[in-house]
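Chemist: Have a look at this one.
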Amino acid sequence: MNTERSKRLFDRAKALMPGGVNSPVRAFRGVGGEPLFFKSGEGAWLTDVDGNRYVDYVGSWGPLIFGHAFPPIVDAVTAAARSGTSFGAPHPGEVTLAELISRRMPSVEKVRLVSSGTEATTAAIRLARGATKRDVILKFEGCYHGAGDSFLVKAGSGVETLGLPDSPGVPAALARLTLTAPFNDLGAVERIFAERGGEIAAVIVEPVVGNMGVLIPRPGFLEGLRALCTKHGAIFILDEVMTGFRVARGGAQERYGIRPDLTTLGKVIGGGLPVGAYGGRRELMSLIAPEGPIYQAGTLSGNPLAVAAGIACLEALGSPGAYEKLEETSRQLCDGIEAEAKSAGVPLTVNRVGSMWTAFFTPHGEPVFDYASAKQADTARFGRFFHALLEEGVYLAPSQFEACFVSLAHGPREVDHTLAAVKKALRRL
Ligand code: KE4
């Protein structure tokens with residue numbers, strides 16, 4: 001497979017940008033080799049700068065639930081651009097998008113639009129800290145909530161699970177305010193609340209984890225977190241940046257019947273353009289400036305082009321049968337992958353919720369339900385699988401610990417192409 005133009009572009013990029021990329025996971029560090037540069041996407045397909053075509057399961061890490069260059073989104077953005085690209089002042093599209101979000105997610109009684117998931121989660125914990133006058137937050141090992149300082153924290157040692165910086169530049173004093181617990185381990189959370197419940201401003205969790213690869217909440221886990229937050233007066237934040245309007249029309253909170261105090265959103269609500277959002281209980285959101293004293297702001301928040309894309313995306317997701325089609329295509333794909341692995345005698349575990357999925361290369365096909373079990377996966381074998389598929393025209397997320405996404409542009413042709421590629425790739429491991 002000729003990737004000469006990508007290589008030359010990457011050489012130039014490395015001289016200009018850290019690691020040659022504008023976001024680390026794109027650099028293929030998780031799978032080896034050098035990243036591809038893409039020149040276009042159409043539906044479920046990507047074309048790289050050397051003309052190679054791939055069925056795309058990254059979907060820009062989640063936003064492209066209708067695939068690339070979805071005409072209603074392209075038309076909406078084009079039309080919006082003709083009326084100006086930004087006003088730095090209120091415009092009707094912000095109201096329309098806010099109404100769509102609140103209608104589909106009733107727990108979001110009031111919402112603030114921002115330009116990324118990181119902005120949304122950073123603002124949400126500031127709001128929780130301001131509202132409760134407490135400083136400690138609790139997150140889960142392996143969950144990713146964006147690049148905010150309070151989230152770049154790893155589990156400390158000892159019963160306190162004191163946070164330690166997971167990146168240089170994160171002050172130890174701040175990291176200590178982030179506690180971590182294993183995902184799906186309600187007992188650990190109960191022990192932390194028993195010891196420090198009065199200090200905890202918020203619990204933030206990916207209701208379906210996408211950032212360890214896909215992890216599925218055990219029955220009772222999310223409900224247990226909800227109850228503990230209510231009991232101890234902590235704010236329960238569902239980080240639905242990835243799952244929002246992805247795993248159900250009303251997100252994971254609809255799928256699992258959970259009512260959080262705050263929800264963070266991104267990806268799908270921008271339809272591929274920069275939109276994030278945080279929202280929830282009216283009395284909480286009313287504490288945000290200028291209505292309340294807790295400050296958060298953004299030059300391009302509610303940007304007309306980004307909002308036009310988000311509206312077109314959410315409106316199209318309102319079409320009857322959209323989520324049923326996503327479910328059926330995703331089920332066929334993942335059942336097929338498991339069947340191919342079985343016939344090839346290659347142990348792997350596929351975790352899937354709706355149209356987000358991960359194939360884990362665990363030693364004996366063991367179940368993966370938390371950070372520790374995910375880390376048992378053979379990342380070298382995943383890397384070989386990734387590159388073997390790339391050569392067959394299939395583009396997975398370039399890391400064992402990321403989610404793959406099926407879009408509404410994927411159909412039988414893409415599934416057949418992918419399963420034929422998987423069959424070949426599994427025999428080359
Ligand atoms: P952004 O700031 O990247 O828009 O969103 C941060 C974020 C917050 N919460 C969750 C659950 C997320 O998955 C993300 C971002 N997801 C990653 C994928 N693992 C984005 C890809 C990247 O970092 O380049």
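Letters A, B, ... go to the chains of the structure tokens in the order shown; residues in each chain start at 1; ligands are counted from 1 in the same order.
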What lies within 12 Å of A:Lys325 using only C-alpha atoms, ignoring chain neighbours under 6 positions off, as a list in words?
Modeler: Ile65, Phe66, Ala248, Leu317, Ser319, Arg331, Gln332, Gly354, Ser355, Val406, Ser407, Leu408, Ala409, His410, Gly411 and Pro412 of chain A
Chemist: Using only C-alpha atoms and all ligand atoms, find each residue with an atom at most 9 Å away from ligand 1 and format the answer as a PDB file with N, CA, C and O atoms, in the first residue's frame.
Modeler:
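Everything below was put into selection.pdb:
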ATOM      1  N   ASN A  22      -2.264  17.353  15.970  1.00  0.00           N
ATOM      2  CA  ASN A  22      -2.933  18.321  16.838  1.00  0.00           C
ATOM      3  C   ASN A  22      -3.742  17.678  17.945  1.00  0.00           C
ATOM      4  O   ASN A  22      -4.463  18.369  18.674  1.00  0.00           O
ATOM      5  N   SER A  23      -3.620  16.362  18.049  1.00  0.00           N
ATOM      6  CA  SER A  23      -4.162  15.648  19.203  1.00  0.00           C
ATOM      7  C   SER A  23      -3.419  14.314  19.278  1.00  0.00           C
ATOM      8  O   SER A  23      -3.304  13.620  18.257  1.00  0.00           O
ATOM      9  N   PRO A  24      -2.896  13.962  20.468  1.00  0.00           N
ATOM     10  CA  PRO A  24      -1.932  12.855  20.567  1.00  0.00           C
ATOM     11  C   PRO A  24      -2.384  11.523  19.992  1.00  0.00           C
ATOM     12  O   PRO A  24      -1.607  10.823  19.329  1.00  0.00           O
ATOM     13  N   VAL A  25      -3.662  11.164  20.204  1.00  0.00           N
ATOM     14  CA  VAL A  25      -4.079   9.803  19.830  1.00  0.00           C
ATOM     15  C   VAL A  25      -3.984   9.590  18.317  1.00  0.00           C
ATOM     16  O   VAL A  25      -3.943   8.468  17.829  1.00  0.00           O
ATOM     17  N   ARG A  26      -3.933  10.711  17.552  1.00  0.00           N
ATOM     18  CA  ARG A  26      -3.868  10.579  16.085  1.00  0.00           C
ATOM     19  C   ARG A  26      -2.495  10.108  15.606  1.00  0.00           C
ATOM     20  O   ARG A  26      -2.349   9.733  14.445  1.00  0.00           O
ATOM     21  N   SER A  60     -14.227  10.415  13.295  1.00  0.00           N
ATOM     22  CA  SER A  60     -13.739  11.603  13.998  1.00  0.00           C
ATOM     23  C   SER A  60     -13.877  11.451  15.516  1.00  0.00           C
ATOM     24  O   SER A  60     -14.111  12.405  16.244  1.00  0.00           O
ATOM     25  N   TRP A  61     -13.791  10.206  15.996  1.00  0.00           N
ATOM     26  CA  TRP A  61     -13.872   9.858  17.433  1.00  0.00           C
ATOM     27  C   TRP A  61     -15.285  10.030  17.985  1.00  0.00           C
ATOM     28  O   TRP A  61     -15.481  10.316  19.147  1.00  0.00           O
ATOM     29  N   GLY A  62     -16.265   9.913  17.096  1.00  0.00           N
ATOM     30  CA  GLY A  62     -17.635   9.854  17.583  1.00  0.00           C
ATOM     31  C   GLY A  62     -18.625  10.813  16.953  1.00  0.00           C
ATOM     32  O   GLY A  62     -19.799  10.469  16.801  1.00  0.00           O
ATOM     33  N   SER A 115     -17.239  25.018  23.114  1.00  0.00           N
ATOM     34  CA  SER A 115     -16.670  24.580  21.832  1.00  0.00           C
ATOM     35  C   SER A 115     -15.935  23.259  21.890  1.00  0.00           C
ATOM     36  O   SER A 115     -15.331  22.854  20.893  1.00  0.00           O
ATOM     37  N   SER A 116     -15.919  22.595  23.036  1.00  0.00           N
ATOM     38  CA  SER A 116     -15.274  21.279  23.105  1.00  0.00           C
ATOM     39  C   SER A 116     -15.778  20.535  24.335  1.00  0.00           C
ATOM     40  O   SER A 116     -16.354  21.137  25.261  1.00  0.00           O
ATOM     41  N   GLY A 117     -15.527  19.228  24.322  1.00  0.00           N
ATOM     42  CA  GLY A 117     -15.895  18.430  25.486  1.00  0.00           C
ATOM     43  C   GLY A 117     -15.099  18.818  26.713  1.00  0.00           C
ATOM     44  O   GLY A 117     -15.622  18.831  27.837  1.00  0.00           O
ATOM     45  N   THR A 118     -13.816  19.169  26.493  1.00  0.00           N
ATOM     46  CA  THR A 118     -12.969  19.566  27.626  1.00  0.00           C
ATOM     47  C   THR A 118     -13.523  20.806  28.314  1.00  0.00           C
ATOM     48  O   THR A 118     -13.562  20.894  29.542  1.00  0.00           O
ATOM     49  N   GLU A 119     -13.957  21.776  27.491  1.00  0.00           N
ATOM     50  CA  GLU A 119     -14.543  22.976  28.100  1.00  0.00           C
ATOM     51  C   GLU A 119     -15.775  22.602  28.919  1.00  0.00           C
ATOM     52  O   GLU A 119     -16.010  23.128  30.007  1.00  0.00           O
ATOM     53  N   ALA A 120     -16.556  21.670  28.385  1.00  0.00           N
ATOM     54  CA  ALA A 120     -17.806  21.289  29.059  1.00  0.00           C
ATOM     55  C   ALA A 120     -17.523  20.625  30.405  1.00  0.00           C
ATOM     56  O   ALA A 120     -18.104  20.992  31.442  1.00  0.00           O
ATOM     57  N   THR A 121     -16.585  19.686  30.414  1.00  0.00           N
ATOM     58  CA  THR A 121     -16.319  18.959  31.676  1.00  0.00           C
ATOM     59  C   THR A 121     -15.604  19.845  32.687  1.00  0.00           C
ATOM     60  O   THR A 121     -15.871  19.772  33.896  1.00  0.00           O
ATOM     61  N   CYS A 143     -11.110   6.390  32.832  1.00  0.00           N
ATOM     62  CA  CYS A 143     -12.079   7.273  32.167  1.00  0.00           C
ATOM     63  C   CYS A 143     -11.373   8.559  31.776  1.00  0.00           C
ATOM     64  O   CYS A 143     -10.517   9.062  32.509  1.00  0.00           O
ATOM     65  N   TYR A 144     -11.746   9.081  30.624  1.00  0.00           N
ATOM     66  CA  TYR A 144     -11.145  10.320  30.122  1.00  0.00           C
ATOM     67  C   TYR A 144     -12.245  11.365  30.000  1.00  0.00           C
ATOM     68  O   TYR A 144     -13.315  11.072  29.447  1.00  0.00           O
ATOM     69  N   HIS A 145     -11.957  12.535  30.531  1.00  0.00           N
ATOM     70  CA  HIS A 145     -12.978  13.594  30.501  1.00  0.00           C
ATOM     71  C   HIS A 145     -12.434  14.848  29.843  1.00  0.00           C
ATOM     72  O   HIS A 145     -12.840  15.956  30.154  1.00  0.00           O
ATOM     73  N   GLY A 146     -11.439  14.669  28.949  1.00  0.00           N
ATOM     74  CA  GLY A 146     -10.826  15.827  28.322  1.00  0.00           C
ATOM     75  C   GLY A 146      -9.542  16.206  29.045  1.00  0.00           C
ATOM     76  O   GLY A 146      -9.142  15.578  30.027  1.00  0.00           O
ATOM     77  N   ALA A 147      -8.889  17.237  28.524  1.00  0.00           N
ATOM     78  CA  ALA A 147      -7.513  17.542  28.952  1.00  0.00           C
ATOM     79  C   ALA A 147      -7.470  18.597  30.064  1.00  0.00           C
ATOM     80  O   ALA A 147      -6.468  19.301  30.224  1.00  0.00           O
ATOM     81  N   GLY A 148      -8.510  18.702  30.849  1.00  0.00           N
ATOM     82  CA  GLY A 148      -8.488  19.643  31.991  1.00  0.00           C
ATOM     83  C   GLY A 148      -7.593  19.129  33.101  1.00  0.00           C
ATOM     84  O   GLY A 148      -7.522  17.916  33.340  1.00  0.00           O
ATOM     85  N   VAL A 205     -18.517  10.453  35.604  1.00  0.00           N
ATOM     86  CA  VAL A 205     -18.293   9.129  35.032  1.00  0.00           C
ATOM     87  C   VAL A 205     -18.748   9.101  33.571  1.00  0.00           C
ATOM     88  O   VAL A 205     -19.704   9.812  33.200  1.00  0.00           O
ATOM     89  N   GLU A 206     -18.038   8.345  32.763  1.00  0.00           N
ATOM     90  CA  GLU A 206     -18.534   8.022  31.423  1.00  0.00           C
ATOM     91  C   GLU A 206     -19.547   6.896  31.621  1.00  0.00           C
ATOM     92  O   GLU A 206     -19.127   5.791  32.027  1.00  0.00           O
ATOM     93  N   PRO A 207     -20.831   7.083  31.407  1.00  0.00           N
ATOM     94  CA  PRO A 207     -21.804   6.039  31.727  1.00  0.00           C
ATOM     95  C   PRO A 207     -21.528   4.741  30.953  1.00  0.00           C
ATOM     96  O   PRO A 207     -21.661   3.654  31.503  1.00  0.00           O
ATOM     97  N   VAL A 208     -21.136   4.846  29.717  1.00  0.00           N
ATOM     98  CA  VAL A 208     -20.524   3.743  28.976  1.00  0.00           C
ATOM     99  C   VAL A 208     -19.131   4.265  28.649  1.00  0.00           C
ATOM    100  O   VAL A 208     -19.006   5.326  28.030  1.00  0.00           O
ATOM    101  N   VAL A 209     -18.104   3.561  29.131  1.00  0.00           N
ATOM    102  CA  VAL A 209     -16.756   4.074  28.933  1.00  0.00           C
ATOM    103  C   VAL A 209     -16.356   3.873  27.472  1.00  0.00           C
ATOM    104  O   VAL A 209     -16.596   2.808  26.884  1.00  0.00           O
ATOM    105  N   GLY A 210     -15.766   4.911  26.902  1.00  0.00           N
ATOM    106  CA  GLY A 210     -15.245   4.781  25.535  1.00  0.00           C
ATOM    107  C   GLY A 210     -13.729   4.876  25.536  1.00  0.00           C
ATOM    108  O   GLY A 210     -13.049   4.483  24.606  1.00  0.00           O
ATOM    109  N   ASN A 211     -13.173   5.376  26.639  1.00  0.00           N
ATOM    110  CA  ASN A 211     -11.751   5.739  26.649  1.00  0.00           C
ATOM    111  C   ASN A 211     -10.822   4.736  27.295  1.00  0.00           C
ATOM    112  O   ASN A 211      -9.654   5.042  27.548  1.00  0.00           O
ATOM    113  N   MET A 212     -11.357   3.546  27.548  1.00  0.00           N
ATOM    114  CA  MET A 212     -10.501   2.413  27.912  1.00  0.00           C
ATOM    115  C   MET A 212     -10.706   1.336  26.853  1.00  0.00           C
ATOM    116  O   MET A 212     -10.424   0.175  27.084  1.00  0.00           O
ATOM    117  N   GLY A 213     -11.238   1.771  25.698  1.00  0.00           N
ATOM    118  CA  GLY A 213     -11.993   0.849  24.870  1.00  0.00           C
ATOM    119  C   GLY A 213     -13.376   0.874  25.514  1.00  0.00           C
ATOM    120  O   GLY A 213     -13.587   1.517  26.549  1.00  0.00           O
ATOM    121  N   ASP A 239     -20.722  12.172  32.053  1.00  0.00           N
ATOM    122  CA  ASP A 239     -19.966  12.703  30.915  1.00  0.00           C
ATOM    123  C   ASP A 239     -20.432  11.948  29.668  1.00  0.00           C
ATOM    124  O   ASP A 239     -19.956  10.851  29.377  1.00  0.00           O
ATOM    125  N   GLU A 240     -21.359  12.569  28.954  1.00  0.00           N
ATOM    126  CA  GLU A 240     -21.940  11.962  27.746  1.00  0.00           C
ATOM    127  C   GLU A 240     -21.384  12.614  26.479  1.00  0.00           C
ATOM    128  O   GLU A 240     -22.030  12.603  25.424  1.00  0.00           O
ATOM    129  N   VAL A 241     -20.171  13.109  26.585  1.00  0.00           N
ATOM    130  CA  VAL A 241     -19.527  13.681  25.385  1.00  0.00           C
ATOM    131  C   VAL A 241     -19.513  12.641  24.272  1.00  0.00           C
ATOM    132  O   VAL A 241     -19.753  12.938  23.106  1.00  0.00           O
ATOM    133  N   MET A 242     -19.243  11.385  24.627  1.00  0.00           N
ATOM    134  CA  MET A 242     -19.185  10.321  23.603  1.00  0.00           C
ATOM    135  C   MET A 242     -20.542   9.619  23.459  1.00  0.00           C
ATOM    136  O   MET A 242     -20.951   9.273  22.357  1.00  0.00           O
ATOM    137  N   THR A 243     -21.232   9.373  24.548  1.00  0.00           N
ATOM    138  CA  THR A 243     -22.454   8.560  24.516  1.00  0.00           C
ATOM    139  C   THR A 243     -23.692   9.388  24.183  1.00  0.00           C
ATOM    140  O   THR A 243     -24.712   8.813  23.757  1.00  0.00           O
ATOM    141  N   THR A 264     -22.489  16.373  30.545  1.00  0.00           N
ATOM    142  CA  THR A 264     -21.610  17.059  29.582  1.00  0.00           C
ATOM    143  C   THR A 264     -21.776  16.384  28.223  1.00  0.00           C
ATOM    144  O   THR A 264     -21.952  15.157  28.140  1.00  0.00           O
ATOM    145  N   LEU A 265     -21.708  17.193  27.199  1.00  0.00           N
ATOM    146  CA  LEU A 265     -21.961  16.727  25.833  1.00  0.00           C
ATOM    147  C   LEU A 265     -20.894  17.258  24.885  1.00  0.00           C
ATOM    148  O   LEU A 265     -20.149  18.198  25.214  1.00  0.00           O
ATOM    149  N   GLY A 266     -20.829  16.659  23.695  1.00  0.00           N
ATOM    150  CA  GLY A 266     -19.916  17.106  22.652  1.00  0.00           C
ATOM    151  C   GLY A 266     -20.155  16.239  21.417  1.00  0.00           C
ATOM    152  O   GLY A 266     -21.234  15.655  21.268  1.00  0.00           O
ATOM    153  N   LYS A 267     -19.140  16.158  20.553  1.00  0.00           N
ATOM    154  CA  LYS A 267     -19.141  15.237  19.415  1.00  0.00           C
ATOM    155  C   LYS A 267     -20.437  15.283  18.581  1.00  0.00           C
ATOM    156  O   LYS A 267     -20.614  16.202  17.785  1.00  0.00           O
ATOM    157  N   PRO A 274     -17.002  22.070  15.940  1.00  0.00           N
ATOM    158  CA  PRO A 274     -16.695  22.191  17.382  1.00  0.00           C
ATOM    159  C   PRO A 274     -17.867  22.671  18.239  1.00  0.00           C
ATOM    160  O   PRO A 274     -18.170  23.867  18.275  1.00  0.00           O
ATOM    161  N   VAL A 275     -18.525  21.727  18.871  1.00  0.00           N
ATOM    162  CA  VAL A 275     -19.567  22.077  19.856  1.00  0.00           C
ATOM    163  C   VAL A 275     -19.415  21.175  21.076  1.00  0.00           C
ATOM    164  O   VAL A 275     -19.219  19.975  20.938  1.00  0.00           O
ATOM    165  N   GLY A 276     -19.470  21.766  22.249  1.00  0.00           N
ATOM    166  CA  GLY A 276     -19.579  21.026  23.497  1.00  0.00           C
ATOM    167  C   GLY A 276     -20.727  21.675  24.259  1.00  0.00           C
ATOM    168  O   GLY A 276     -21.256  22.719  23.855  1.00  0.00           O
ATOM    169  N   PHE A 401      -7.225   0.950  23.345  1.00  0.00           N
ATOM    170  CA  PHE A 401      -8.015   1.562  24.420  1.00  0.00           C
ATOM    171  C   PHE A 401      -8.857   2.739  23.931  1.00  0.00           C
ATOM    172  O   PHE A 401      -8.966   3.783  24.572  1.00  0.00           O
ATOM    173  N   GLU A 402      -9.428   2.563  22.743  1.00  0.00           N
ATOM    174  CA  GLU A 402     -10.348   3.570  22.203  1.00  0.00           C
ATOM    175  C   GLU A 402     -11.575   2.854  21.672  1.00  0.00           C
ATOM    176  O   GLU A 402     -11.549   1.647  21.425  1.00  0.00           O
ATOM    177  N   ALA A 403     -12.637   3.618  21.476  1.00  0.00           N
ATOM    178  CA  ALA A 403     -13.871   3.055  20.921  1.00  0.00           C
ATOM    179  C   ALA A 403     -13.866   3.195  19.411  1.00  0.00           C
ATOM    180  O   ALA A 403     -13.276   4.126  18.863  1.00  0.00           O
TER     181      ALA A 403
END
Chemist: Can you tell me, as a PDB file with all heavy atoms, in the first residue's frame, what residues are no more than 12 Å from A:Gly292 when counting only C-alpha atoms, ignoring any on the same chain fewer than 4 positions away?
Modeler:
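That gives us around15.pdb:
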ATOM      1  N   LEU A 127     -18.628  24.231  38.294  1.00  0.00           N
ATOM      2  CA  LEU A 127     -20.002  24.483  38.758  1.00  0.00           C
ATOM      3  C   LEU A 127     -20.309  23.627  39.992  1.00  0.00           C
ATOM      4  O   LEU A 127     -20.824  24.117  41.008  1.00  0.00           O
ATOM      5  CB  LEU A 127     -20.992  24.178  37.640  1.00  0.00           C
ATOM      6  CG  LEU A 127     -22.493  24.184  37.991  1.00  0.00           C
ATOM      7  CD1 LEU A 127     -22.925  25.463  38.673  1.00  0.00           C
ATOM      8  CD2 LEU A 127     -23.317  23.930  36.721  1.00  0.00           C
ATOM      9  N   GLY A 130     -18.447  25.029  42.926  1.00  0.00           N
ATOM     10  CA  GLY A 130     -19.033  26.289  43.376  1.00  0.00           C
ATOM     11  C   GLY A 130     -20.362  26.079  44.069  1.00  0.00           C
ATOM     12  O   GLY A 130     -20.652  26.699  45.093  1.00  0.00           O
ATOM     13  N   ALA A 131     -21.153  25.153  43.545  1.00  0.00           N
ATOM     14  CA  ALA A 131     -22.498  24.931  44.101  1.00  0.00           C
ATOM     15  C   ALA A 131     -22.441  24.268  45.465  1.00  0.00           C
ATOM     16  O   ALA A 131     -23.235  24.563  46.362  1.00  0.00           O
ATOM     17  CB  ALA A 131     -23.311  24.075  43.135  1.00  0.00           C
ATOM     18  N   ARG A 282     -32.005  23.117  36.724  1.00  0.00           N
ATOM     19  CA  ARG A 282     -32.136  24.561  36.511  1.00  0.00           C
ATOM     20  C   ARG A 282     -31.435  25.366  37.597  1.00  0.00           C
ATOM     21  O   ARG A 282     -30.695  26.311  37.318  1.00  0.00           O
ATOM     22  CB  ARG A 282     -33.635  24.912  36.452  1.00  0.00           C
ATOM     23  CG  ARG A 282     -33.993  26.317  36.033  1.00  0.00           C
ATOM     24  CD  ARG A 282     -35.506  26.472  35.859  1.00  0.00           C
ATOM     25  NE  ARG A 282     -36.006  25.590  34.798  1.00  0.00           N
ATOM     26  CZ  ARG A 282     -35.866  25.851  33.486  1.00  0.00           C
ATOM     27  NH1 ARG A 282     -35.213  26.944  33.114  1.00  0.00           N
ATOM     28  NH2 ARG A 282     -36.327  25.032  32.576  1.00  0.00           N
ATOM     29  N   GLU A 283     -31.633  24.949  38.855  1.00  0.00           N
ATOM     30  CA  GLU A 283     -31.062  25.752  39.950  1.00  0.00           C
ATOM     31  C   GLU A 283     -29.527  25.675  39.948  1.00  0.00           C
ATOM     32  O   GLU A 283     -28.849  26.598  40.399  1.00  0.00           O
ATOM     33  CB  GLU A 283     -31.628  25.344  41.313  1.00  0.00           C
ATOM     34  CG  GLU A 283     -31.232  23.977  41.835  1.00  0.00           C
ATOM     35  CD  GLU A 283     -32.140  22.860  41.297  1.00  0.00           C
ATOM     36  OE1 GLU A 283     -32.847  23.103  40.301  1.00  0.00           O
ATOM     37  OE2 GLU A 283     -32.103  21.763  41.872  1.00  0.00           O
ATOM     38  N   LEU A 284     -28.975  24.596  39.411  1.00  0.00           N
ATOM     39  CA  LEU A 284     -27.504  24.523  39.293  1.00  0.00           C
ATOM     40  C   LEU A 284     -27.026  25.448  38.170  1.00  0.00           C
ATOM     41  O   LEU A 284     -26.145  26.273  38.355  1.00  0.00           O
ATOM     42  CB  LEU A 284     -27.067  23.083  39.021  1.00  0.00           C
ATOM     43  CG  LEU A 284     -26.968  22.130  40.208  1.00  0.00           C
ATOM     44  CD1 LEU A 284     -26.613  20.725  39.715  1.00  0.00           C
ATOM     45  CD2 LEU A 284     -25.951  22.616  41.228  1.00  0.00           C
ATOM     46  N   MET A 285     -27.643  25.271  36.990  1.00  0.00           N
ATOM     47  CA  MET A 285     -27.183  26.044  35.832  1.00  0.00           C
ATOM     48  C   MET A 285     -27.395  27.545  36.036  1.00  0.00           C
ATOM     49  O   MET A 285     -26.665  28.365  35.470  1.00  0.00           O
ATOM     50  CB  MET A 285     -27.891  25.561  34.575  1.00  0.00           C
ATOM     51  CG  MET A 285     -27.493  24.177  34.120  1.00  0.00           C
ATOM     52  SD  MET A 285     -25.704  23.987  33.848  1.00  0.00           S
ATOM     53  CE  MET A 285     -25.465  25.083  32.446  1.00  0.00           C
ATOM     54  N   SER A 286     -28.347  27.910  36.870  1.00  0.00           N
ATOM     55  CA  SER A 286     -28.584  29.350  37.114  1.00  0.00           C
ATOM     56  C   SER A 286     -27.457  29.988  37.930  1.00  0.00           C
ATOM     57  O   SER A 286     -27.415  31.212  38.099  1.00  0.00           O
ATOM     58  CB  SER A 286     -29.929  29.545  37.825  1.00  0.00           C
ATOM     59  OG  SER A 286     -30.956  29.070  36.975  1.00  0.00           O
ATOM     60  N   LEU A 287     -26.522  29.153  38.392  1.00  0.00           N
ATOM     61  CA  LEU A 287     -25.362  29.690  39.123  1.00  0.00           C
ATOM     62  C   LEU A 287     -24.254  30.126  38.164  1.00  0.00           C
ATOM     63  O   LEU A 287     -23.265  30.715  38.590  1.00  0.00           O
ATOM     64  CB  LEU A 287     -24.810  28.627  40.076  1.00  0.00           C
ATOM     65  CG  LEU A 287     -25.717  28.225  41.242  1.00  0.00           C
ATOM     66  CD1 LEU A 287     -25.143  26.997  41.973  1.00  0.00           C
ATOM     67  CD2 LEU A 287     -25.908  29.393  42.207  1.00  0.00           C
ATOM     68  N   ILE A 288     -24.429  29.844  36.885  1.00  0.00           N
ATOM     69  CA  ILE A 288     -23.409  30.165  35.873  1.00  0.00           C
ATOM     70  C   ILE A 288     -23.582  31.610  35.405  1.00  0.00           C
ATOM     71  O   ILE A 288     -24.706  32.061  35.138  1.00  0.00           O
ATOM     72  CB  ILE A 288     -23.501  29.190  34.674  1.00  0.00           C
ATOM     73  CG1 ILE A 288     -23.105  27.768  35.118  1.00  0.00           C
ATOM     74  CG2 ILE A 288     -22.621  29.620  33.497  1.00  0.00           C
ATOM     75  CD1 ILE A 288     -21.624  27.592  35.456  1.00  0.00           C
ATOM     76  N   GLN A 296     -17.719  31.269  33.415  1.00  0.00           N
ATOM     77  CA  GLN A 296     -17.319  30.434  32.277  1.00  0.00           C
ATOM     78  C   GLN A 296     -17.695  31.238  31.041  1.00  0.00           C
ATOM     79  O   GLN A 296     -18.728  31.877  30.998  1.00  0.00           O
ATOM     80  CB  GLN A 296     -18.053  29.086  32.306  1.00  0.00           C
ATOM     81  CG  GLN A 296     -17.676  28.150  31.154  1.00  0.00           C
ATOM     82  CD  GLN A 296     -18.544  28.371  29.938  1.00  0.00           C
ATOM     83  OE1 GLN A 296     -19.757  28.478  30.061  1.00  0.00           O
ATOM     84  NE2 GLN A 296     -17.942  28.472  28.760  1.00  0.00           N
TER      85      GLN A 296
END
Chemist: Find the spatial neighbours of A:Val108, counting only C-alpha atoms, within a cut-off of 10 Å - ignore same-chain residues fewer than 6 positions away - and output them as a list in words.
Modeler: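 Returned residues: Ala98, Glu99, Ile101, Ser102, Arg259, Pro260, Asp261, Leu262, Thr263, Thr264, Tyr278, Gly279, Gly280, Arg281, Arg282 and Met285 of chain A.
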Chemist: So how far away is atom CA of A:Leu186 from atom CA of A:Leu222, in Å?
Modeler: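 According to the coordinates, atom CA of A:Leu222 and atom CA of A:Leu186 are separated by 8.7 Å.
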Chemist: What's the 10 Å shell around stretch 382-399 of chain A, counting only C-alpha atoms, without same-chain residues fewer than 3 positions away, as an MDAnalysis selection string?
Modeler: chainID A and resid 1:2 25:33 35 45:47 52:61 211:213 348 358:362 377:379 402:405 414 417:429
Chemist: Restricting the calculation to only C-alpha atoms: of A:Val77, A:Leu215, A:Val350, A:Leu179, which residue gets closest to A:Gly336?
Modeler: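 Ranking A:Val77, A:Leu215, A:Val350, A:Leu179 by distance to A:Gly336, first place goes to A:Val350.
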Chemist: Can you tell me which residues surround A:Thr3 at a distance of at most 8 Å, considering only C-alpha atoms, apart from same-chain residues fewer than 5 positions away, and format the answer as a ChimeraX atom specification?
Modeler: /A:36,49-50
Chemist: Which one of A:Val353, A:Cys313, A:Val346, A:Ile294 sits closest to A:Pro72 if you count only C-alpha atoms?
Modeler: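 Among the listed residues, A:Cys313 lies closest to A:Pro72.
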Chemist: Write out as a VMD selection string the set of residues from stretch 127-287 of chain A that DSSP, computed on the backbone, places in helix (DSSP H, G or I).
Modeler: chain A and resid 127 to 132 149 to 151 172 to 175 186 to 199 221 to 232 251 to 255 267 to 270 282 to 285
Chemist: Can you build me a table of stretch 73-161 of chain A residues sitting at most 10 Å from stretch 168-173 of chain A, with the closest atom pair per residue and its distance in Å to one decimal, using only C-alpha atoms, sorted by chain and residue number, as a Markdown table?
Modeler:
| residue | atom | partner | partner_atom | distance |
| --- | --- | --- | --- | --- |
| A:Gly148 | CA | A:Val170 | CA | 9.2 |
| A:Asp149 | CA | A:Val170 | CA | 5.7 |
| A:Ser150 | CA | A:Val170 | CA | 7.8 |
| A:Phe151 | CA | A:Val170 | CA | 9.5 |
| A:Leu152 | CA | A:Val170 | CA | 7.3 |
| A:Val153 | CA | A:Val170 | CA | 8.1 |
Chemist: Could those residues be written to a file, using N, CA and C atoms, as a compact mmCIF listing (two decimals), in the first residue's frame?
Modeler:
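The file below, out21.txt, is the result:
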# COMPACT_ATOMS: atom_id res chain seq x y z
N GLY A 148 -8.51 18.70 30.85
CA GLY A 148 -8.49 19.64 31.99
C GLY A 148 -7.59 19.13 33.10
N ASP A 149 -6.92 20.05 33.82
CA ASP A 149 -5.95 19.64 34.84
C ASP A 149 -6.53 18.64 35.85
N SER A 150 -7.74 18.89 36.30
CA SER A 150 -8.30 18.03 37.36
C SER A 150 -8.56 16.60 36.89
N PHE A 151 -8.54 16.40 35.57
CA PHE A 151 -8.83 15.05 35.05
C PHE A 151 -7.55 14.30 34.70
N LEU A 152 -6.44 15.02 34.55
CA LEU A 152 -5.17 14.37 34.17
C LEU A 152 -4.48 13.89 35.44
N VAL A 153 -5.16 12.96 36.08
CA VAL A 153 -4.75 12.50 37.41
C VAL A 153 -4.84 10.99 37.43
